[in-house]
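Participant: Just dropping this structure here.
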Amino acid sequence: MNNLLMRQCADVPMGGLGQYADVATGGFGPRVGGSVCGACCGMTLVLGSMAMIVWNEGHAVAVAQELDVLSREVVSVGSRAEEANMHAGLPVHLTGDLHGGRISDNVGPFTLTVSAVILHRSAAMYQWAEHVHTRTEKNGGITNTYKDYTYTKQWAFDLKNSQNFRTPGHDNPAEKIGEARLSADPVTIGGAVRPSADILRKVSLRPLPLDNSLLKGSASVVFDHVALAGQTAEAPEIGDQKVYYEHCPNGHTVSVIGRMKADGEITGSTASAVLPLVADGRHGAEEMIRVAVELNTLQLYFFRALAFFLIFAGMSLCMEPLNACADFIPVVGSLTRCVTGVAAFLLAVVVTLVTVAFAWLYARPLTTFTLLATAAGVVAAARFMDPNKGKKFKKSPYTVPDV
């Protein structure tokens, strides 16, 4: 029977540090039951990873094909509205300086006004944070799981919900200053062409040089951030906040590939997996498309590797019931884990290769057959390494007399 023993440690006043511990003890039944649940989760993880592979391969092929078409159709134009409007409905490439206006951010306690194209605000709060450290100790068929909870005060951009903490007494405020991204209206490239919102989201930002002359209200600039009135950097208290700003200044040069609209706006496309392409500085259309091709290839292999490791983890979970049963004999348990680990790795390789192959069956038949041949080679190698291969049962020299 699974027993849950909890013991509370006294809060330790070491720079705001508190401790709490849970101890869980499990025997044969709970461990095997938990491993069966883990096996079900593992199978779900494998199936989900296979679906991710199918999506990834299809997305990579669609992007590669669209970039190939884009490289043949894109037209480089100037940033003058008359020249750009001549290519309405077509993919165009242009380079120019961004121009905006004045942006005001009214936070509440203060208002900041600056001349920029884009203004981004983020805020960090001084608050309690919970840290959980889990360790497991095995003693024959008994497993003891220890969870140690510690609490520290720290600056964090995300608000920690103290109501979910394991132990009370570490209360955080319920609200903090949120994140915001503001744009000037209107914004133009070269003084004429208007970029859409999806283009402005891809423009890079840099830290805003802060000065008290930009502020109105109960706040002041402290180093690289805005501090509310009453706060001290030397002795922060729970609930104190730091407000940081980033911006895109007027005159920032960008290169854009998008579709030109008749009203003078350049934008992406809801049916496009590629557009818009945005880069800081002056870059030609050929260079921007080449970088997009490289990023597509990098994303393809990244998700392949991620899916493989998830499938390996899922296969390992599927074999946990065997490991849980074998763990009650220490030597057998260690040996079983080694065997199931190798088996899970080989199965993950085969499942990944076969899934990739069938995902590419429609778009890349030659690649499909190559991957299937590789998977078959892995299976053949595993059979070749089987120590029982080729062994035959010898006929017994003894015969049973007829009755």
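Just so we're on the same page: first chain in the structure tokens is A, next is B, and so on; residues restart at 1 for each chain, and ligands are numbered from 1 in the order they show up.
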Quick one: residues within 10 Å of Gly178 in chain A, only C-alpha atoms, excluding same-chain residues fewer than 3 positions away - as a list in words?
Facilitator: Val107, Arg121, Ser122, Ala123, Ala124, Phe157, Asp158, Leu159, Glu175 and Val243 of chain A
Participant: Counting only C-alpha atoms, what is within 12 Å of Ser115 in chain A, bar same-chain residues fewer than 6 positions away, as an NGL selection string?
Facilitator: :A and (99-105 or 182-185 or 208-209 or 214 or 247-251)
Participant: Those same residues - C-alpha atoms - I'd like them written as a PDB file, in the first residue's frame.
Facilitator:
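Now in out.pdb:
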```
ATOM      1  CA  HIS A  99       9.659  56.510 -40.005  1.00  0.00           C
ATOM      2  CA  GLY A 100       7.084  56.821 -37.232  1.00  0.00           C
ATOM      3  CA  GLY A 101       6.177  59.509 -34.742  1.00  0.00           C
ATOM      4  CA  ARG A 102       5.735  60.061 -31.027  1.00  0.00           C
ATOM      5  CA  ILE A 103       4.524  57.203 -28.834  1.00  0.00           C
ATOM      6  CA  SER A 104       3.101  57.650 -25.326  1.00  0.00           C
ATOM      7  CA  ASP A 105       2.893  54.788 -22.846  1.00  0.00           C
ATOM      8  CA  LEU A 182       3.112  49.990 -29.132  1.00  0.00           C
ATOM      9  CA  SER A 183       3.563  51.281 -32.691  1.00  0.00           C
ATOM     10  CA  ALA A 184       3.451  54.790 -34.086  1.00  0.00           C
ATOM     11  CA  ASP A 185       0.615  55.647 -36.452  1.00  0.00           C
ATOM     12  CA  LEU A 208      15.770  52.562 -25.110  1.00  0.00           C
ATOM     13  CA  PRO A 209      18.188  55.125 -23.627  1.00  0.00           C
ATOM     14  CA  LEU A 214      10.877  61.329 -20.956  1.00  0.00           C
ATOM     15  CA  HIS A 247      12.403  50.536 -29.144  1.00  0.00           C
ATOM     16  CA  CYS A 248      12.910  50.762 -32.882  1.00  0.00           C
ATOM     17  CA  PRO A 249      14.170  54.298 -33.563  1.00  0.00           C
ATOM     18  CA  ASN A 250      13.133  56.478 -36.472  1.00  0.00           C
ATOM     19  CA  GLY A 251      15.479  56.013 -39.411  1.00  0.00           C
TER      20      GLY A 251
END
```
Participant: Please extract the residues of range 134-318 of chain A with a backbone DSSP assignment of alpha helix (DSSP H) and present them as a ChimeraX atom specification.
Facilitator: /A:197-200,285-318
Participant: Within range 201-254 of chain A, find each residue whose DSSP state, derived from the backbone, is strand (DSSP E), and express the selection as a list in words.
Facilitator: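 Of range 201-254 of chain A, the ones in strand (DSSP E) are Arg206, Pro207, Leu215, Lys216, Gly217, Ala219, Ser220, Val221, Val222, His225, Val226, Ala227, Leu228, Gln241, Lys242, Val243, Tyr244, Tyr245, Glu246, His247, Cys248, Thr253 and Val254 of chain A.
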Participant: May I have the residues within 9 Å of Ala292 in chain A as a PyMOL selection string, using only C-alpha atoms and disregarding those fewer than 4 positions away in the same chain?
Facilitator: chain A and resi 67+274+277+287-288+296-297
Participant: Tell me which of A:Val61, A:Pro173, A:Trp128, A:His93 sits closest to Leu361 in chain A, counting only C-alpha atoms.
Facilitator: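 Of all the options, A:Val61 lies closest to Leu361 in chain A.
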Participant: Considering only C-alpha atoms, can you say which of A:Asp68, A:Val77, A:Ala39, A:Glu57 comes closest to Val293 in chain A?
Facilitator: A:Asp68
Participant: Could you tell me which of A:Lys153, A:Phe302, A:Leu119, A:Ile257 comes closest to Ala235 in chain A if we count only C-alpha atoms?
Facilitator: A:Lys153
Participant: Calculated over only C-alpha atoms, which of the candidates A:Ala233, A:Ala64, A:Ala129, A:Ala343 has the smallest distance to Val291 in chain A?
Facilitator: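 Of A:Ala233, A:Ala64, A:Ala129, A:Ala343, the one nearest Val291 in chain A is A:Ala64, counting only C-alpha atoms.
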Participant: Just give me the gap between CA of Asn56 in chain A and CA of Pro276 in chain A in Å, one decimal is fine.
Facilitator: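 Distance between the two atoms: 20.1 Å.
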Participant: For range 92-164 of chain A against range 191-206 of chain A, with a cut-off of 8 Å and counting only C-alpha atoms, what is the closest atom pair and its distance in Å to one decimal for every residue that makes the cut, ordered by chain and number, as JSON lines?
Facilitator:
```
{"residue": "A:Asp97", "atom": "CA", "partner": "A:Gly191", "partner_atom": "CA", "distance": 7.8}
{"residue": "A:Leu98", "atom": "CA", "partner": "A:Gly191", "partner_atom": "CA", "distance": 7.6}
{"residue": "A:His99", "atom": "CA", "partner": "A:Gly191", "partner_atom": "CA", "distance": 6.6}
{"residue": "A:Ile118", "atom": "CA", "partner": "A:Leu205", "partner_atom": "CA", "distance": 7.9}
```
Participant: Given the selection you just returned, output its residues as a file containing all heavy atoms, formatted as a compact mmCIF listing (two decimals), in the first residue's frame.
Facilitator:
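Here's the written file again03.txt:
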```txt
# COMPACT_ATOMS: atom_id res chain seq x y z
N ASP A 97 14.20 53.28 -44.97
CA ASP A 97 14.24 53.66 -43.56
C ASP A 97 12.82 53.74 -43.01
O ASP A 97 11.91 54.26 -43.66
CB ASP A 97 14.92 55.01 -43.39
CG ASP A 97 16.38 54.97 -43.80
OD1 ASP A 97 16.96 53.88 -43.80
OD2 ASP A 97 16.94 56.04 -44.15
N LEU A 98 12.64 53.22 -41.80
CA LEU A 98 11.36 53.30 -41.12
C LEU A 98 11.18 54.67 -40.49
O LEU A 98 12.11 55.23 -39.88
CB LEU A 98 11.26 52.23 -40.03
CG LEU A 98 11.08 50.79 -40.49
CD1 LEU A 98 11.26 49.83 -39.32
CD2 LEU A 98 9.72 50.58 -41.14
N HIS A 99 9.98 55.22 -40.62
CA HIS A 99 9.66 56.51 -40.01
C HIS A 99 8.33 56.39 -39.28
O HIS A 99 7.36 55.85 -39.82
CB HIS A 99 9.57 57.62 -41.06
CG HIS A 99 10.86 57.88 -41.78
ND1 HIS A 99 11.88 58.61 -41.21
CD2 HIS A 99 11.30 57.46 -43.00
CE1 HIS A 99 12.90 58.66 -42.06
NE2 HIS A 99 12.58 57.96 -43.15
N ILE A 118 8.54 51.84 -32.91
CA ILE A 118 7.95 50.82 -32.04
C ILE A 118 8.49 51.02 -30.63
O ILE A 118 9.68 51.33 -30.45
CB ILE A 118 8.28 49.40 -32.54
CG1 ILE A 118 7.79 49.19 -33.97
CG2 ILE A 118 7.67 48.34 -31.64
CD1 ILE A 118 8.28 47.90 -34.60
```
Participant: I'd like to know which of A:Cys41, A:Leu322, A:Ala60, A:Ile189 is closest to Gly78 in chain A, using only C-alpha atoms.
Facilitator: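 Among the listed residues, the smallest separation from Gly78 in chain A belongs to A:Ile189.
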